>>> print(open('work.txt').read())   # compact mmCIF, C-alpha atoms
# COMPACT_ATOMS: atom_id res chain seq x y z
CA MET A 1 -8.26 204.57 163.87
CA PRO A 2 -7.94 200.94 162.70
CA ALA A 3 -9.69 198.45 164.95
CA ASN A 4 -6.61 196.25 165.09
CA LEU A 5 -4.28 199.09 166.10
CA ASN A 6 -1.94 198.00 168.89
CA ASN A 7 -1.74 201.06 171.14
CA ARG A 8 1.10 199.71 173.28
CA ALA A 9 3.33 199.05 170.28
CA LEU A 10 2.45 202.43 168.79
CA GLY A 11 3.32 204.07 172.09
CA GLU A 12 6.66 202.26 172.15
CA PHE A 13 7.43 203.44 168.63
CA LEU A 14 6.52 207.07 169.31
CA GLY A 15 8.12 207.10 172.74
CA PHE A 16 11.52 205.77 171.75
CA THR A 17 11.57 207.72 168.47
CA ILE A 18 10.87 211.01 170.24
CA PHE A 19 13.37 210.08 172.95
CA ALA A 20 16.07 209.41 170.32
CA ILE A 21 15.43 212.69 168.49
CA ALA A 22 15.29 214.74 171.69
CA LEU A 23 18.45 213.16 173.09
CA LYS A 24 20.39 213.83 169.89
CA ALA A 25 19.15 217.43 169.83
CA ALA A 26 20.38 217.91 173.40
CA LEU A 27 23.78 216.37 172.66
CA ASP A 28 24.07 218.50 169.50
CA LEU A 29 24.52 221.50 171.76
CA VAL A 30 27.81 220.18 173.13
CA ILE A 31 29.19 217.40 170.90
CA TRP A 32 27.32 217.61 167.61
CA ARG A 33 29.90 215.58 165.63
CA TYR A 34 29.35 212.57 167.86
CA ALA A 35 25.79 213.25 169.03
CA ALA A 36 24.19 210.78 166.62
CA PRO A 37 26.14 207.63 167.55
CA ILE A 38 26.24 208.44 171.27
CA SER A 39 22.51 209.16 171.48
CA LEU A 40 21.67 206.06 169.44
CA ILE A 41 23.76 203.79 171.68
CA MET A 42 22.11 205.27 174.76
CA VAL A 43 18.64 204.72 173.29
CA LEU A 44 19.46 201.11 172.38
CA ILE A 45 20.71 200.46 175.90
CA CYS A 46 17.43 201.82 177.28
CA LEU A 47 15.54 199.70 174.75
CA CYS A 48 17.32 196.55 175.88
CA PHE A 49 16.52 197.26 179.53
CA TYR A 50 12.92 198.00 178.59
CA LEU A 51 12.54 194.75 176.66
CA LYS A 52 14.11 192.80 179.52
CA HIS A 53 11.72 194.45 181.97
CA GLN A 54 8.83 193.43 179.71
CA ASN A 55 10.19 189.86 179.56
CA ARG A 56 10.66 190.12 175.81
CA ASP A 57 13.69 189.04 173.82
CA LEU A 58 15.87 190.94 171.33
CA THR A 59 14.01 189.68 168.27
CA ARG A 60 12.17 193.01 168.49
CA LEU A 61 15.46 194.55 167.32
CA GLY A 62 15.94 191.95 164.60
CA ILE A 63 18.52 189.97 166.55
CA VAL A 64 17.72 186.36 165.74
CA SER A 65 19.60 183.20 166.61
CA PHE A 66 20.93 180.92 163.88
CA ARG A 67 19.50 177.50 164.55
CA LYS A 68 20.48 175.88 161.27
CA ALA A 69 23.83 175.62 159.49
CA LYS A 70 22.11 177.01 156.38
CA SER A 71 21.67 180.34 158.16
CA TYR A 72 25.42 180.72 158.62
CA TRP A 73 26.09 179.90 154.97
CA LEU A 74 23.45 182.39 153.83
CA LEU A 75 24.83 185.25 155.92
CA PRO A 76 27.76 186.18 153.59
CA LEU A 77 25.51 186.07 150.51
CA GLN A 78 22.79 188.14 152.18
CA THR A 79 25.40 190.64 153.35
CA LEU A 80 26.88 190.93 149.85
CA ILE A 81 23.45 191.48 148.30
CA ALA A 82 22.67 194.19 150.85
CA PHE A 83 26.07 195.80 150.26
CA VAL A 84 25.50 195.98 146.49
CA ILE A 85 21.93 197.24 146.83
CA VAL A 86 22.92 200.02 149.22
CA ILE A 87 25.68 201.24 146.91
CA ALA A 88 23.47 200.95 143.82
CA THR A 89 20.66 202.88 145.53
CA GLY A 90 22.99 205.61 146.73
CA VAL A 91 24.63 206.02 143.32
CA ALA A 92 21.29 206.04 141.49
CA VAL A 93 19.72 208.66 143.76
CA THR A 94 22.84 210.83 143.64
CA ILE A 95 22.97 210.72 139.84
CA LEU A 96 19.27 211.53 139.54
CA GLY A 97 19.71 214.39 141.99
CA GLU A 98 22.59 215.85 139.99
CA MET A 99 20.63 215.42 136.74
CA SER A 100 17.63 217.27 138.17
CA GLY A 101 19.59 220.52 138.05
CA LEU A 102 17.97 221.68 141.29
CA ALA A 103 20.40 223.51 143.56
CA ILE A 104 19.03 221.83 146.68
CA MET A 105 19.77 218.40 145.17
CA GLN A 106 23.45 219.07 144.50
CA SER A 107 25.86 217.14 146.70
CA ASN A 108 27.35 218.99 149.68
CA PRO A 109 30.86 217.70 150.48
CA GLU A 110 31.30 220.64 152.86
CA GLY A 111 28.85 218.96 155.21
CA ASP A 112 30.95 215.81 155.42
CA LEU A 113 34.11 217.87 155.84
CA ALA A 114 32.57 219.88 158.68
CA ARG A 115 31.52 216.77 160.55
CA PHE A 116 34.31 214.28 159.85
CA GLY A 117 37.23 216.59 159.09
CA ASN A 118 39.74 216.13 156.26
CA LEU A 119 40.26 212.37 156.15
CA THR A 120 42.58 212.39 153.13
CA GLY A 121 45.89 210.90 154.22
CA ASN A 122 45.06 211.39 157.90
CA THR A 123 45.53 207.87 159.27
CA GLY A 124 44.70 208.69 162.88
CA LEU A 125 41.45 210.46 162.01
CA PHE A 126 40.53 207.73 159.52
CA LEU A 127 40.98 204.94 162.09
CA PHE A 128 39.11 206.97 164.70
CA TRP A 129 36.02 207.35 162.51
CA LEU A 130 36.34 203.80 161.24
CA ALA A 131 36.00 202.54 164.80
CA ILE A 132 32.96 204.75 165.35
CA ILE A 133 31.12 203.69 162.19
CA TRP A 134 31.52 200.00 163.01
CA VAL A 135 29.42 200.76 166.07
CA ALA A 136 27.15 203.45 164.62
CA GLY A 137 26.22 201.61 161.40
CA PRO A 138 24.97 198.44 163.11
CA ALA A 139 23.28 200.59 165.77
CA GLU A 140 21.33 202.40 163.06
CA GLU A 141 20.15 199.10 161.64
CA LEU A 142 19.05 197.85 165.06
CA PHE A 143 17.01 200.99 165.67
CA PHE A 144 15.74 202.16 162.27
CA ARG A 145 15.15 198.75 160.74
CA GLY A 146 14.92 196.23 163.59
CA PHE A 147 13.06 198.20 166.23
CA MET A 148 11.09 200.63 164.08
CA ILE A 149 9.85 198.18 161.45
CA ASN A 150 9.03 195.41 163.91
CA THR A 151 7.26 197.79 166.29
CA LEU A 152 5.27 199.55 163.58
CA THR A 153 4.25 196.21 162.08
CA GLU A 154 2.98 195.12 165.49
CA ALA A 155 1.23 198.46 165.95
CA LEU A 156 -0.47 198.66 162.55
CA GLY A 157 -1.03 195.01 161.69
CA ARG A 158 0.31 192.76 158.97
CA ASN A 159 -1.82 193.77 156.00
CA ARG A 160 -0.02 195.08 152.93
CA LEU A 161 -0.64 198.75 153.65
CA ALA A 162 0.55 198.42 157.25
CA VAL A 163 3.69 196.54 156.24
CA GLY A 164 4.39 199.15 153.55
CA LEU A 165 4.04 201.96 156.09
CA SER A 166 6.28 200.08 158.53
CA VAL A 167 9.06 200.28 155.94
CA PHE A 168 8.33 203.76 154.54
CA VAL A 169 7.98 205.69 157.81
CA PRO A 170 11.34 204.55 159.31
CA ALA A 171 13.04 205.23 155.96
CA LEU A 172 11.63 208.76 155.96
CA ILE A 173 12.79 209.37 159.52
CA PHE A 174 16.18 207.88 158.64
CA GLY A 175 16.52 210.40 155.82
CA VAL A 176 15.37 213.35 157.91
CA VAL A 177 17.84 212.68 160.74
CA HIS A 178 20.74 212.79 158.26
CA MET A 179 19.84 216.24 156.95
CA TYR A 180 21.74 218.09 159.67
CA TYR A 181 25.00 217.66 157.79
CA GLN A 182 23.95 216.17 154.43
CA GLY A 183 21.16 218.61 153.62
CA VAL A 184 18.28 217.79 151.25
CA PRO A 185 20.39 215.35 149.18
CA GLY A 186 20.93 213.37 152.36
CA LEU A 187 17.18 213.21 152.95
CA PHE A 188 16.64 211.54 149.59
CA THR A 189 19.79 209.42 149.44
CA THR A 190 19.66 208.00 152.96
CA GLY A 191 15.88 207.85 152.79
CA PHE A 192 15.89 205.63 149.71
CA ILE A 193 18.75 203.58 151.13
CA GLY A 194 16.71 203.14 154.30
CA PHE A 195 13.74 202.01 152.23
CA SER A 196 15.89 199.48 150.35
CA LEU A 197 17.29 198.13 153.61
CA GLY A 198 13.81 197.98 155.08
CA CYS A 199 12.59 195.86 152.16
CA LEU A 200 15.60 193.58 152.55
CA PHE A 201 14.85 193.28 156.26
CA LEU A 202 11.48 191.79 155.37
CA VAL A 203 12.95 189.59 152.62
CA TYR A 204 15.51 188.30 155.13
CA LYS A 205 12.66 187.35 157.48
CA ARG A 206 13.47 190.19 159.88
CA ASN A 207 17.05 189.08 160.41
CA ILE A 208 19.13 192.21 161.06
CA TRP A 209 22.61 190.59 161.02
CA PRO A 210 23.38 190.90 157.28
CA LEU A 211 22.15 194.51 157.23
CA MET A 212 24.32 195.46 160.19
CA ILE A 213 27.43 194.06 158.55
CA ALA A 214 26.62 195.51 155.12
CA HIS A 215 25.94 198.96 156.56
CA ALA A 216 29.30 199.03 158.34
CA CYS A 217 31.09 197.77 155.21
CA VAL A 218 29.51 200.42 152.97
CA ASN A 219 30.46 203.18 155.41
CA SER A 220 33.98 201.75 155.65
CA LEU A 221 34.30 201.83 151.86
CA GLY A 222 33.20 205.47 151.75
CA PHE A 223 35.65 206.51 154.46
CA THR A 224 38.47 204.54 152.83
CA LEU A 225 37.91 206.29 149.51
CA GLN A 226 38.05 209.64 151.28
CA TYR A 227 41.21 208.62 153.09
CA LEU A 228 42.83 207.64 149.77
CA GLY A 229 41.68 210.88 148.17
CA ILE A 230 39.52 209.08 145.60
CA ASP A 231 36.52 211.17 144.49
CA ALA A 232 33.73 208.59 144.16
>>> encode(input="work.txt", output="structure tokens")
Amino acid sequence: MPANLNNRALGEFLGFTIFAIALKAALDLVIWRYAAPISLIMVLICLCFYLKHQNRDLTRLGIVSFRKAKSYWLLPLQTLIAFVIVIATGVAVTILGEMSGLAIMQSNPEGDLARFGNLTGNTGLFLFWLAIIWVAGPAEELFFRGFMINTLTEALGRNRLAVGLSVFVPALIFGVVHMYYQGVPGLFTTGFIGFSLGCLFLVYKRNIWPLMIAHACVNSLGFTLQYLGIDA
């Protein structure tokens, strides 16, 4: 094991990751459609209490304060860049998956239909899920990018290999946890999107705000297209 390995940070990463996975698995038994956002919110609440108990602030989750006017002006641009990169990554991976000809890489709209229902023209259902994703999307960024990347970086160190692993491992987990309704294509698509967002998190100096907003906007666009019956 590396001499500079931070055992406490590694324990925090493993503990809260296992807790999140186990909690979702338990909730899957009763409310699988909503298990992911509910379990994630519960884990984040526990994380906040834990950080407060440790006398640590929310920068561990990527929540930073804007101390300069420049930061406020940069936020819309950073959000737009993240929005475009997420869409471009998703489209590129989907196209490559379809081109591969492998059956396991073909898109599975039945998975979305089973979880979200038929959104086309259903205003009530559309608004219901829209409200959920504006909580769930930012929550995913706080946990999978903010907490996971910051904690792994602290655990492994700040050399290039450690920083690379701190982005790759959360992206892999992010892809895996979306397989339950997206299948193998979801592993690759959300995994690569998670990797792109992780890289942006570092470029943005570990500021999670633009990623939270971009994530919610991308999800909103996808749900709106479904609601309008547009096959994107």
>>> atom_distance(input="work.txt", atom1="CA of Ala155 (chain A)", atom2="CA of Ala25 (chain A)")
26.4 Å
>>> atom_distance(input="work.txt", atom1="CA of Gln78 (chain A)", atom2="CA of Leu187 (chain A)")
25.7 Å
>>> residues_around(input="work.txt", residues="Val177 (chain A)", least_positions_apart="3", cutoff="9 Å", atoms="only C-alpha atoms", output="VMD selection string")
chain A and resid 21 36 172 to 174 180 186 to 187
>>> residues_around(input="work.txt", residues="region 133-137 of chain A", least_positions_apart="3", cutoff="8 Å", atoms="all atoms listed in the file", output="MDAnalysis selection string")
chainID A and resid 37 40:41 129:130 140:141 212 215:216 219:220
>>> closest_residue(input="work.txt", among="A:Cys46, A:Ile31, A:Cys199, A:Leu96", to="Arg115 (chain A)", atoms="only C-alpha atoms")
A:Ile31
>>> closest_residue(input="work.txt", among="A:Val30, A:Ala214, A:Leu152, A:Val163", to="Leu5 (chain A)", atoms="only C-alpha atoms")
A:Leu152
>>> residues_around(input="work.txt", residues="region 89-95 of chain A", least_positions_apart="3", cutoff="10 Å", atoms="only C-alpha atoms", output="PyMOL selection string")
chain A and resi 84-86+98-100+105-107+185-186+188-197+232
>>> atom_distance(input="work.txt", atom1="CA of Gly146 (chain A)", atom2="CA of Lys205 (chain A)")
11.0 Å
>>> residues_around(input="work.txt", residues="Gln226 (chain A)", least_positions_apart="6", cutoff="9 Å", atoms="only C-alpha atoms", output="JSON, numbers by chain")
{"A": [118, 119, 120, 121, 126, 232]}
>>> write_last_selection(input="work.txt", atoms="C-alpha atoms", output="CSV table (one decimal), in the coordinates of the input")
chain,number,residue,atom,x,y,z
A,118,ASN,CA,39.7,216.1,156.3
A,119,LEU,CA,40.3,212.4,156.2
A,120,THR,CA,42.6,212.4,153.1
A,121,GLY,CA,45.9,210.9,154.2
A,126,PHE,CA,40.5,207.7,159.5
A,232,ALA,CA,33.7,208.6,144.2
>>> closest_residue(input="work.txt", among="A:Asn4, A:Phe83, A:Leu228, A:Phe13", to="Pro170 (chain A)", atoms="only C-alpha atoms")
A:Phe13
>>> residues_around(input="work.txt", residues="Ala20 (chain A)", least_positions_apart="4", cutoff="9 Å", atoms="all atoms listed in the file", output="VMD selection string")
chain A and resid 15 to 16 24 to 25 39 to 40 42 to 43
>>> residues_near_point(input="work.txt", point="(25.3, 182.7, 157.4)", cutoff="12 Å", atoms="all atoms listed in the file", output="ChimeraX atom specification")
/A:64-80,204,207-210,213
>>> closest_residue(input="work.txt", among="A:Leu211, A:Ala171, A:Leu23, A:Leu29", to="Leu142 (chain A)", atoms="all atoms listed in the file")
A:Leu211
